[in-house]
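Chemist: Below are the structure tokens for one structure; questions will follow.
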Amino acid sequence: MAMNERYEPQAIEGKWQSRWDEAGIFRAGSRPGAPKKYVLEMLPYPSGKMHMGHVRNYLLGDVYARYFRMRGYDVLHPMGWDAFGLPAENAAIKDGVHPAVRTAENIASFKKEIKSLGYSYDWEREVNTSDPAYYRWNQWFFIQMLERGLVYRRFSKVNWCTGCLTVIANEQVKEGVCERCDSPVVDKEMPEWAFRITRYSQELLDALDTLKEWPDRITSMQRNWIGRSDGAEADFRVQGHDAALRVFTTRVDTIYGCTYVVLAPDHKLVAQVTTPERRAEVEAFAKRMAAQSKTERLGEGTEKEGVFTGAYAENPFTGQAVPIWIANFVLSDYGTGAVMSVPAHDERDFAFARKYGLPVKVVIQPASGERLPAGEKLEAAYTEYGVLEDSGPYTGQTSEQARQAMAAALEKDGKGQATVTYRQKDWGFSRQRYWGTPIPIVYCEKCDPDRHGIPVPVDQLPVRLPEIDTQAVLTGKGEPPLAKVASWVNASCPKCGGPARRETETMDTFVDSCWYFARYLSPHYDAAPFDPKEAQRFLPVDIYVGGPEHAVMHLLYFRFWTRVMKLLGLSPVDEPVTRLITQGIVNGPDGRKMSKRWGNVVAPASIVQRYGADTARAYVLFAGPPERDFDWSDAQVEGVFRFLKRVWALAATHHDAVAGATYDGAYEGKALEIRRAAHKTLKRVGEAIERLSFNTAIAGIMEGLNALYAVGTPETDAEKAAMAEALRLLAVVLTPFAPHIADEIAEAYGSKDFTVAQAWPAFDPALVVDDVIPYAVQVNGKLRTEIRVAADASEADVRAAAEADEKVQAALAGKTLRKFVFVPKRLVNFVAT
């Protein structure tokens with residue numbers, strides 16, 4: 001096969017994409033006896049056109065998928081669509097286009113762009129989370145979890161987005177506004193459905209230590225989000241009342257220094273304990289706090305403020321009366337909604353006490369060093385552990401000793417106990433929108449007067465979303481949109497057959513993405529969410545690629561869901577992913593994150609049309625390490641395009657002379673130099689891929705290409721055969737990064753199969769050992785020159801070669817040599833005065 005002299009990617013890339021599709025080369029399961037690799041990128045939300053951030057995410061997985069295929073693995077590399085959610089529904093309201101129509105259009109557009117970039121997906125496993133065949137299993141999971149007490153209905157304060165008109169998660173509130181629409185978020189009490197994820201809090205926390213191949217920042221974020229606190233609960237009896245305030249503290253060792261207690265403004269005991277003369281001020285403050293969101297009350301920089309109730313509570317250890325306050329920094333749904341305040345040993349309590357003139361009592365002294373002054377002279381809270389003073393029988397004990405002894409005393413006296421709390425709360429997942437999975441519950445006044453909900457029988461699933469008039473129903477005003485579809489809402493009770501009403505809220509779309517990775521195993525399986533045999537074969541996911549912004553929502557939720565799937569006998573694994581790769585952001589040319597908001601999005605299609613898919617792929621991978629952000633550069637895109645043109649030119653220039661060359665003799669001279677360059681490149685690229693250093697891998701290919709250009713035109717049979725081998729290896733190492741040009745060159749040089757179907761070749765160890773290595777030569781620590789000596793040169797030989805260099809001689813002229821430093825295979829340093 002002859003090669004065109006010009007590199008024309010548009011002429012070859014479509015051809016190879018069609019051939020890959022026709023051959024089904026990327027289908028998983030074709031190597032049943034081989035070890036498996038499951039490579040996955042977080043599925044996209046098809047809200048519009050792709051941008052280069054998407055391209056980078058999917059490329060990181062694609063490099064591994066192609067590489068591991070060549071390493072002999074049975075690779076599963078699927079793709080699908082996270083198709084439900086607020087963006088599509090909000091767009092439908094704005095544009096008057098039904099979300100199902102808009103979503104289908106976006107998926108078609110997204111898929112076309114993905115295919116144009118040559119990703120190695122097994123499209124036979126494609127899933128769409130808005131397909132009833134998919135969300136049927138969301139509903140099935142709901143019912144199974146309801147039966148096991150992992151789903152329940154509750155009344156709680158929720159984050160209500162005033163723009164989207166639905167509940168959103170804590171993590172979706174950014175500085176008091178919705179991250180989707182920038183509308184204010186307010187607290188609202190309402191009924192909701194919740195997953196009992198807290199049942200797994202300790203298990204999820206402990207297992208973080210087993211995730212050795214997850215980024216530390218992700219496991220740290222999850223550890224902080226779960227937020228285990230070991231402490232004690234203690235009862236402060238309210239004077240003049242039968243009630244007691246139960247507080248939780250992690251520092252019970254400081255309890256003798258408690259000078260006031262604080263309740264949440266909406267704590268159930270506030271109205272009961274507030275004295276008549278303080279009631280008006282307390283109620284006014286509580287009303288003002290009720291109008292603020294959690295973010296407003298607890299945000300960084302928010303001033304701590306409160307009001308005295310007029311009531312007092314008794315310290316369970318001292319019997320001393322301390323005032324009861326309410327304050328903005330205590331929440332009723334966090335801990336017990338009551339805290340003991342020890343201003344000498346807590347920064348927040350100290351600031352509050354100074355503001356309102358409350359006493360400060362020191363009860364912990366440093367174990368060594370300078371003692372703290374009396375409370376009225378204390379300039380800042382001392383928050384470290386130490387030795388107790390002025391603490392009754394516990395005086396002289398260390399904080400660690402006192403914590404255990406005090407907790408035991410509380411339990412013995414019936415005034416409290418040692419306990420553990422978690423920051424993590426149960427996952428409220430019901431949403432007041434249309435475009436999501438219907439919750440499979442009906443309400444029957446006869447069989448369910450308390451409205452706990454009756455599950456729809458499994459054999460009646462899926463409960464399908466009704467077809468609705470976009471303009472009439474998708475208004476998001478008042479009750480949920482589904483409540484306005486009478487023909488759908490009115491149903492029959494599965495118990496008595498009488499009239500019933502369907503639940504009109506839908507599921508959070510994080511439910512869809514909790515288990516999609518398992519549906520890819522058998523997307524057409526109809527007996528269960530997925531085939532357990534396929535789970536045995538392919539789970540866990542070996543490599544998972546996505547953004548770090550999902551650390552405490554998606555990544556935590558799907559760890560929880562994986563445990564549920566194991567509980568149900570579907571999956572053999574506790575953890576869904578072995579290795580997590582979090583990619584950095586692709587910024588626009590203006591240095592800001594690519595976003596339609598900023599108008600700085602670079603569309604992949606524009607790059608593919610001008611330079612080809614291989615240039616787009618290679619540039620994004622070459623721009624920097626996967627975990628780092630980088631700024632888009634048109635000039636660097638041009639540079640990568642020139643690199644691929646040089647690859648093509650080298651292969652095309654030598655094609656007619658060397659493509660069929662063979663040689664059976666020994667390689668020497670220039671022929672040996674060609675083979676060394678090729679095998680060193682092969683070694684470097686393979687090692688770089690293994691350690692996730694794709695930019696280094698491409699840099700290695702560039703250096704190898706330069707070396708092949710440097711040897712000039714091959715003339716002897718040995719040189720021609722060596723160059724043919726080098727160009728075939730060049731195509732192989734390019735395959736994960738620029739697969740189209742790789743297959744075109746490989747075919748031109750006699751390959752009968754796709755490069756991705758070939759085995760990744762082993763480098764010849766004898767050819768990657770340097771006969772000559774460089775040494776940096778310093779004089780008084782300053783680099784003067786570089787010399788190249790034999791790899792096995794002795795220290796004396798290296799020193800002699802360095803001393804013979806003119807630059808070194810000039811630097812040492814007139815000086816006395818005091819010391820010679822020799823670092824084998826790296827550097828030498830002459831120390832002179």
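The chains in the structure tokens are called A, B, ... from first to last as shown; in each chain the residues are counted from 1, and the ligands are counted from 1 in the order shown.
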Compile the contact shell of Met507 in chain A as an MDAnalysis selection string: residues with an atom at most 12 Å away, counting only C-alpha atoms, same-chain residues fewer than 4 positions apart removed.
Modeler: chainID A and resid 84:86 129:130 135 138:139 141:142 166:168 192:195 427:441 465 503 511:513
Chemist: I want to know what sits within 12 Å of Arg69 in chain A, based on only C-alpha atoms, with residues of the same chain fewer than 5 positions away left out; could you give that as a tab-separated table (two decimals) with all heavy atoms, in the first residue's frame?
Modeler:
```
chain	number	residue	atom	x	y	z
A	25	ILE	N	-14.33	-4.37	17.09
A	25	ILE	CA	-13.04	-4.62	17.73
A	25	ILE	C	-13.04	-4.27	19.22
A	25	ILE	O	-12.22	-4.77	19.99
A	25	ILE	CB	-11.94	-3.84	16.99
A	25	ILE	CG1	-10.55	-4.28	17.44
A	25	ILE	CG2	-12.10	-2.34	17.18
A	25	ILE	CD1	-10.22	-5.70	17.10
A	26	PHE	N	-13.98	-3.42	19.64
A	26	PHE	CA	-13.97	-2.97	21.04
A	26	PHE	C	-15.00	-3.69	21.91
A	26	PHE	O	-15.25	-3.26	23.05
A	26	PHE	CB	-14.21	-1.46	21.10
A	26	PHE	CG	-13.23	-0.67	20.28
A	26	PHE	CD1	-13.67	0.25	19.33
A	26	PHE	CD2	-11.86	-0.87	20.42
A	26	PHE	CE1	-12.77	0.96	18.57
A	26	PHE	CE2	-10.95	-0.15	19.66
A	26	PHE	CZ	-11.41	0.76	18.73
A	27	ARG	N	-15.59	-4.75	21.41
A	27	ARG	CA	-16.57	-5.48	22.21
A	27	ARG	C	-15.90	-6.21	23.36
A	27	ARG	O	-14.90	-6.91	23.17
A	27	ARG	CB	-17.31	-6.50	21.33
A	27	ARG	CG	-18.28	-5.88	20.35
A	27	ARG	CD	-18.99	-6.93	19.54
A	27	ARG	NE	-19.66	-6.34	18.40
A	27	ARG	CZ	-19.78	-6.92	17.21
A	27	ARG	NH1	-19.26	-8.12	17.03
A	27	ARG	NH2	-20.40	-6.32	16.23
A	28	ALA	N	-16.47	-6.07	24.53
A	28	ALA	CA	-15.98	-6.81	25.70
A	28	ALA	C	-16.50	-8.23	25.65
A	28	ALA	O	-17.52	-8.52	25.02
A	28	ALA	CB	-16.45	-6.13	26.97
A	29	GLY	N	-15.79	-9.13	26.33
A	29	GLY	CA	-16.20	-10.52	26.38
A	29	GLY	C	-15.65	-11.37	25.27
A	29	GLY	O	-15.96	-12.57	25.18
A	30	SER	N	-14.83	-10.80	24.40
A	30	SER	CA	-14.29	-11.57	23.27
A	30	SER	C	-13.09	-12.41	23.66
A	30	SER	O	-12.61	-13.22	22.87
A	30	SER	CB	-13.89	-10.60	22.14
A	30	SER	OG	-12.93	-9.66	22.61
A	31	ARG	N	-12.59	-12.22	24.89
A	31	ARG	CA	-11.44	-12.99	25.37
A	31	ARG	C	-11.80	-13.61	26.72
A	31	ARG	O	-11.26	-13.21	27.76
A	31	ARG	CB	-10.22	-12.09	25.52
A	31	ARG	CG	-9.74	-11.44	24.23
A	31	ARG	CD	-8.65	-10.43	24.52
A	31	ARG	NE	-8.08	-9.87	23.31
A	31	ARG	CZ	-7.19	-8.88	23.29
A	31	ARG	NH1	-6.78	-8.34	24.43
A	31	ARG	NH2	-6.71	-8.42	22.15
A	34	ALA	N	-9.02	-14.57	29.18
A	34	ALA	CA	-8.00	-13.58	29.51
A	34	ALA	C	-8.38	-12.85	30.79
A	34	ALA	O	-9.55	-12.80	31.18
A	34	ALA	CB	-7.87	-12.58	28.36
A	35	PRO	N	-7.40	-12.25	31.46
A	35	PRO	CA	-7.74	-11.40	32.62
A	35	PRO	C	-8.53	-10.20	32.16
A	35	PRO	O	-8.41	-9.77	31.01
A	35	PRO	CB	-6.37	-11.00	33.17
A	35	PRO	CG	-5.43	-11.12	32.01
A	35	PRO	CD	-5.95	-12.28	31.20
A	36	LYS	N	-9.36	-9.65	33.03
A	36	LYS	CA	-10.24	-8.55	32.64
A	36	LYS	C	-9.71	-7.21	33.09
A	36	LYS	O	-8.96	-7.09	34.06
A	36	LYS	CB	-11.64	-8.77	33.20
A	36	LYS	CG	-11.74	-8.68	34.74
A	36	LYS	CD	-12.02	-7.26	35.26
A	36	LYS	CE	-12.11	-7.21	36.78
A	36	LYS	NZ	-12.40	-5.84	37.31
A	37	LYS	N	-10.11	-6.16	32.40
A	37	LYS	CA	-9.93	-4.79	32.83
A	37	LYS	C	-11.23	-4.05	32.52
A	37	LYS	O	-11.69	-4.05	31.38
A	37	LYS	CB	-8.77	-4.10	32.11
A	37	LYS	CG	-7.39	-4.50	32.58
A	37	LYS	CD	-7.06	-3.94	33.95
A	37	LYS	CE	-5.62	-4.30	34.35
A	37	LYS	NZ	-5.30	-3.85	35.70
A	38	TYR	N	-11.79	-3.43	33.55
A	38	TYR	CA	-12.98	-2.61	33.37
A	38	TYR	C	-12.54	-1.16	33.51
A	38	TYR	O	-12.16	-0.71	34.59
A	38	TYR	CB	-14.02	-2.98	34.43
A	38	TYR	CG	-15.39	-2.31	34.28
A	38	TYR	CD1	-16.45	-2.67	35.11
A	38	TYR	CD2	-15.64	-1.32	33.33
A	38	TYR	CE1	-17.71	-2.08	35.00
A	38	TYR	CE2	-16.88	-0.72	33.20
A	38	TYR	CZ	-17.91	-1.10	34.05
A	38	TYR	OH	-19.14	-0.49	33.93
A	39	VAL	N	-12.56	-0.44	32.38
A	39	VAL	CA	-12.14	0.96	32.33
A	39	VAL	C	-13.37	1.81	32.08
A	39	VAL	O	-14.13	1.56	31.14
A	39	VAL	CB	-11.10	1.18	31.22
A	39	VAL	CG1	-10.66	2.65	31.20
A	39	VAL	CG2	-9.89	0.27	31.42
A	62	ASP	N	-9.67	6.18	27.61
A	62	ASP	CA	-9.47	5.54	26.31
A	62	ASP	C	-8.02	5.08	26.12
A	62	ASP	O	-7.77	4.03	25.54
A	62	ASP	CB	-9.87	6.50	25.19
A	62	ASP	CG	-10.05	5.78	23.87
A	62	ASP	OD1	-10.90	4.86	23.83
A	62	ASP	OD2	-9.35	6.12	22.89
A	63	VAL	N	-7.07	5.87	26.61
A	63	VAL	CA	-5.67	5.45	26.51
A	63	VAL	C	-5.48	4.13	27.23
A	63	VAL	O	-4.86	3.19	26.69
A	63	VAL	CB	-4.74	6.53	27.10
A	63	VAL	CG1	-3.31	6.00	27.23
A	63	VAL	CG2	-4.74	7.77	26.24
A	64	TYR	N	-6.02	4.04	28.44
A	64	TYR	CA	-5.87	2.79	29.18
A	64	TYR	C	-6.61	1.64	28.51
A	64	TYR	O	-6.11	0.51	28.45
A	64	TYR	CB	-6.39	2.97	30.60
A	64	TYR	CG	-5.32	3.41	31.57
A	64	TYR	CD1	-5.48	4.54	32.35
A	64	TYR	CD2	-4.13	2.71	31.69
A	64	TYR	CE1	-4.49	4.96	33.23
A	64	TYR	CE2	-3.15	3.11	32.57
A	64	TYR	CZ	-3.32	4.22	33.33
A	64	TYR	OH	-2.34	4.63	34.20
A	74	ASP	N	-9.11	-8.72	28.48
A	74	ASP	CA	-10.49	-8.59	27.99
A	74	ASP	C	-11.02	-7.29	28.60
A	74	ASP	O	-11.32	-7.23	29.79
A	74	ASP	CB	-11.31	-9.79	28.46
A	74	ASP	CG	-12.72	-9.80	27.88
A	74	ASP	OD1	-13.02	-8.95	27.01
A	74	ASP	OD2	-13.52	-10.66	28.30
A	75	VAL	N	-11.10	-6.25	27.78
A	75	VAL	CA	-11.38	-4.91	28.27
A	75	VAL	C	-12.86	-4.56	28.10
A	75	VAL	O	-13.41	-4.70	27.01
A	75	VAL	CB	-10.51	-3.86	27.56
A	75	VAL	CG1	-10.90	-2.45	28.00
A	75	VAL	CG2	-9.04	-4.11	27.84
A	76	LEU	N	-13.48	-4.11	29.18
A	76	LEU	CA	-14.83	-3.55	29.13
A	76	LEU	C	-14.69	-2.03	29.23
A	76	LEU	O	-14.17	-1.51	30.21
A	76	LEU	CB	-15.67	-4.07	30.29
A	76	LEU	CG	-17.05	-3.43	30.50
A	76	LEU	CD1	-17.92	-3.57	29.25
A	76	LEU	CD2	-17.76	-4.03	31.71
A	77	HIS	N	-15.16	-1.34	28.17
A	77	HIS	CA	-15.05	0.12	28.11
A	77	HIS	C	-16.34	0.67	27.51
A	77	HIS	O	-16.45	0.87	26.31
A	77	HIS	CB	-13.83	0.52	27.26
A	77	HIS	CG	-13.52	1.98	27.30
A	77	HIS	ND1	-13.04	2.66	26.19
A	77	HIS	CD2	-13.61	2.90	28.29
A	77	HIS	CE1	-12.85	3.92	26.51
A	77	HIS	NE2	-13.19	4.11	27.77
A	120	SER	N	-12.68	4.19	22.01
A	120	SER	CA	-12.83	2.74	21.83
A	120	SER	C	-13.95	2.18	22.71
A	120	SER	O	-13.71	1.34	23.57
A	120	SER	CB	-11.51	2.04	22.16
A	120	SER	OG	-11.10	2.32	23.49
A	735	THR	N	-0.68	4.27	19.08
A	735	THR	CA	-2.05	3.77	19.06
A	735	THR	C	-2.94	4.30	20.18
A	735	THR	O	-4.06	4.74	19.94
A	735	THR	CB	-2.06	2.24	19.06
A	735	THR	OG1	-1.43	1.78	17.87
A	735	THR	CG2	-3.47	1.68	19.13
A	736	PRO	N	-2.49	4.29	21.45
A	736	PRO	CA	-3.39	4.79	22.50
A	736	PRO	C	-3.71	6.28	22.37
A	736	PRO	O	-4.75	6.74	22.85
A	736	PRO	CB	-2.61	4.51	23.78
A	736	PRO	CG	-1.60	3.48	23.42
A	736	PRO	CD	-1.24	3.76	22.00
A	754	PHE	N	-5.72	-4.45	13.05
A	754	PHE	CA	-5.68	-3.17	13.74
A	754	PHE	C	-4.55	-3.17	14.76
A	754	PHE	O	-4.28	-4.19	15.40
A	754	PHE	CB	-7.01	-2.90	14.46
A	754	PHE	CG	-8.22	-2.95	13.57
A	754	PHE	CD1	-9.18	-3.94	13.72
A	754	PHE	CD2	-8.40	-2.01	12.57
A	754	PHE	CE1	-10.30	-3.98	12.92
A	754	PHE	CE2	-9.52	-2.04	11.75
A	754	PHE	CZ	-10.47	-3.03	11.93
A	755	THR	N	-3.94	-2.02	14.96
A	755	THR	CA	-2.85	-1.97	15.95
A	755	THR	C	-3.36	-2.30	17.35
A	755	THR	O	-2.66	-2.94	18.14
A	755	THR	CB	-2.20	-0.57	15.97
A	755	THR	OG1	-3.22	0.42	16.10
A	755	THR	CG2	-1.40	-0.32	14.71
A	756	VAL	N	-4.60	-1.89	17.67
A	756	VAL	CA	-5.13	-2.15	19.00
A	756	VAL	C	-5.38	-3.63	19.24
A	756	VAL	O	-5.52	-4.07	20.39
A	756	VAL	CB	-6.41	-1.32	19.24
A	756	VAL	CG1	-7.61	-1.94	18.51
A	756	VAL	CG2	-6.71	-1.17	20.72
A	757	ALA	N	-5.46	-4.42	18.16
A	757	ALA	CA	-5.66	-5.86	18.28
A	757	ALA	C	-4.34	-6.61	18.35
A	757	ALA	O	-4.31	-7.82	18.55
A	757	ALA	CB	-6.49	-6.37	17.11
A	758	GLN	N	-3.24	-5.90	18.16
A	758	GLN	CA	-1.93	-6.51	18.23
A	758	GLN	C	-1.42	-6.50	19.67
A	758	GLN	O	-1.84	-5.69	20.49
A	758	GLN	CB	-0.95	-5.77	17.33
A	758	GLN	CG	-1.35	-5.76	15.86
A	758	GLN	CD	-0.45	-4.87	15.03
A	758	GLN	OE1	0.68	-4.59	15.40
A	758	GLN	NE2	-0.97	-4.41	13.89
A	759	ALA	N	-0.49	-7.39	19.95
A	759	ALA	CA	0.11	-7.41	21.28
A	759	ALA	C	1.09	-6.25	21.42
A	759	ALA	O	1.81	-5.92	20.47
A	759	ALA	CB	0.84	-8.73	21.52
A	760	TRP	N	1.05	-5.62	22.58
A	760	TRP	CA	2.05	-4.58	22.85
A	760	TRP	C	3.42	-5.24	22.86
A	760	TRP	O	3.68	-6.14	23.66
A	760	TRP	CB	1.77	-3.92	24.19
A	760	TRP	CG	2.63	-2.73	24.49
A	760	TRP	CD1	3.84	-2.75	25.11
A	760	TRP	CD2	2.37	-1.37	24.17
A	760	TRP	NE1	4.35	-1.48	25.22
A	760	TRP	CE2	3.47	-0.60	24.64
A	760	TRP	CE3	1.32	-0.70	23.54
A	760	TRP	CZ2	3.54	0.78	24.51
A	760	TRP	CZ3	1.39	0.68	23.41
A	760	TRP	CH2	2.47	1.40	23.88
```
Chemist: Please indicate the distance in Å from CA of Glu283 in chain A to CA of Gly301 in chain A, rounded to one decimal place.
Modeler: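 If I compute the distance from CA of Glu283 in chain A to CA of Gly301 in chain A, I get 24.6 Å.
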Chemist: Would you list, as a list in words, the residues of range 628-670 of chain A that end up in helix (DSSP H, G or I) under DSSP run on this structure's backbone?
Modeler: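 Taking range 628-670 of chain A and keeping helix (DSSP H, G or I) gives Asp634, Ala635, Gln636, Val637, Glu638, Gly639, Val640, Phe641, Arg642, Phe643, Leu644, Lys645, Arg646, Val647, Trp648, Ala649, Leu650, Ala651, Ala652, Thr653, His654, His655, Asp656, Ala657, Val658, Gly669 and Lys670 of chain A.
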Chemist: From range 291-513 of chain A, collect each residue whose DSSP state is strand (DSSP E) and return the set as a count of residues only.
Modeler: 49
Chemist: So how many Å separate CA of Pro9 in chain A and CA of Leu117 in chain A, to one decimal?
Modeler: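 Calculated distance between CA of Pro9 in chain A and CA of Leu117 in chain A is 11.6 Å.
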Chemist: So which residues touch Asp187 in chain A within 10 Å, counting only C-alpha atoms, skipping near sequence neighbours fewer than 3 positions away, as a ChimeraX atom specification?
Modeler: /A:156-161,167,190,290-295
Chemist: Please provide the set of residues having any atom within 10 Å of Asp590 in chain A, restricted to only C-alpha atoms, with same-chain residues fewer than 5 positions apart removed, written as a PyMOL selection string.
Modeler: chain A and resi 598-600+631-633
Chemist: One decimal, in Å: what's the spacing between CA of Gly686 in chain A and CA of Val733 in chain A?
Modeler: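 These two atoms are separated by 7.9 Å.
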Chemist: Hey, what's within 8 Å of His679 in chain A if we count only C-alpha atoms and toss same-chain stuff fewer than 4 positions away? As an MDAnalysis selection string, please?
Modeler: chainID A and resid 675 683 726 763:764 767:768
Chemist: Using only C-alpha atoms, which of the listed residues (A:Arg818, A:Lys680, A:Arg217, A:Lys446) sits closest to Phe830 in chain A?
Modeler: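 Closest candidate: A:Arg818.
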Chemist: Near Ala243 in chain A, counting only C-alpha atoms, which residues have an atom at most 10 Å away, once you skip same-chain residues fewer than 3 positions from it, shown as a ChimeraX atom specification?
Modeler: /A:235-240,246,269,272-273,313
Chemist: Let me see the file: selected residues, N, CA, C and O atoms, as a JSON list (two decimals), in the first residue's frame.
Modeler:
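Output (result17.json):
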```json
[["chain", "number", "residue", "atom", "x", "y", "z"],
["A", 235, "ASP", "N", -26.40, 15.29, 80.25],
["A", 235, "ASP", "CA", -27.68, 15.94, 80.51],
["A", 235, "ASP", "C", -27.50, 17.12, 81.47],
["A", 235, "ASP", "O", -27.02, 16.95, 82.59],
["A", 236, "PHE", "N", -27.91, 18.31, 81.03],
["A", 236, "PHE", "CA", -27.94, 19.51, 81.87],
["A", 236, "PHE", "C", -29.41, 19.75, 82.26],
["A", 236, "PHE", "O", -30.22, 20.11, 81.40],
["A", 237, "ARG", "N", -29.76, 19.49, 83.51],
["A", 237, "ARG", "CA", -31.14, 19.66, 83.96],
["A", 237, "ARG", "C", -31.50, 21.14, 84.00],
["A", 237, "ARG", "O", -30.73, 21.97, 84.50],
["A", 238, "VAL", "N", -32.67, 21.49, 83.45],
["A", 238, "VAL", "CA", -33.11, 22.89, 83.43],
["A", 238, "VAL", "C", -33.73, 23.23, 84.79],
["A", 238, "VAL", "O", -34.64, 22.53, 85.26],
["A", 239, "GLN", "N", -33.24, 24.27, 85.40],
["A", 239, "GLN", "CA", -33.78, 24.67, 86.71],
["A", 239, "GLN", "C", -35.23, 25.08, 86.59],
["A", 239, "GLN", "O", -35.62, 25.82, 85.68],
["A", 240, "GLY", "N", -36.04, 24.55, 87.51],
["A", 240, "GLY", "CA", -37.45, 24.91, 87.54],
["A", 240, "GLY", "C", -38.30, 24.11, 86.56],
["A", 240, "GLY", "O", -39.49, 24.40, 86.40],
["A", 246, "ARG", "N", -29.85, 17.63, 76.60],
["A", 246, "ARG", "CA", -28.79, 16.66, 76.32],
["A", 246, "ARG", "C", -27.83, 17.29, 75.31],
["A", 246, "ARG", "O", -28.24, 17.67, 74.21],
["A", 269, "LEU", "N", -37.20, 22.78, 73.13],
["A", 269, "LEU", "CA", -37.34, 23.24, 74.50],
["A", 269, "LEU", "C", -37.25, 24.75, 74.66],
["A", 269, "LEU", "O", -37.43, 25.28, 75.76],
["A", 272, "GLN", "N", -40.39, 26.36, 75.93],
["A", 272, "GLN", "CA", -40.73, 25.89, 77.28],
["A", 272, "GLN", "C", -39.87, 26.55, 78.35],
["A", 272, "GLN", "O", -40.37, 26.89, 79.45],
["A", 273, "VAL", "N", -38.58, 26.78, 78.08],
["A", 273, "VAL", "CA", -37.69, 27.27, 79.14],
["A", 273, "VAL", "C", -37.55, 28.80, 79.16],
["A", 273, "VAL", "O", -37.14, 29.37, 80.17],
["A", 313, "ALA", "N", -29.39, 26.11, 83.43],
["A", 313, "ALA", "CA", -29.28, 24.65, 83.50],
["A", 313, "ALA", "C", -28.14, 24.30, 84.44],
["A", 313, "ALA", "O", -27.22, 25.10, 84.67]]
```
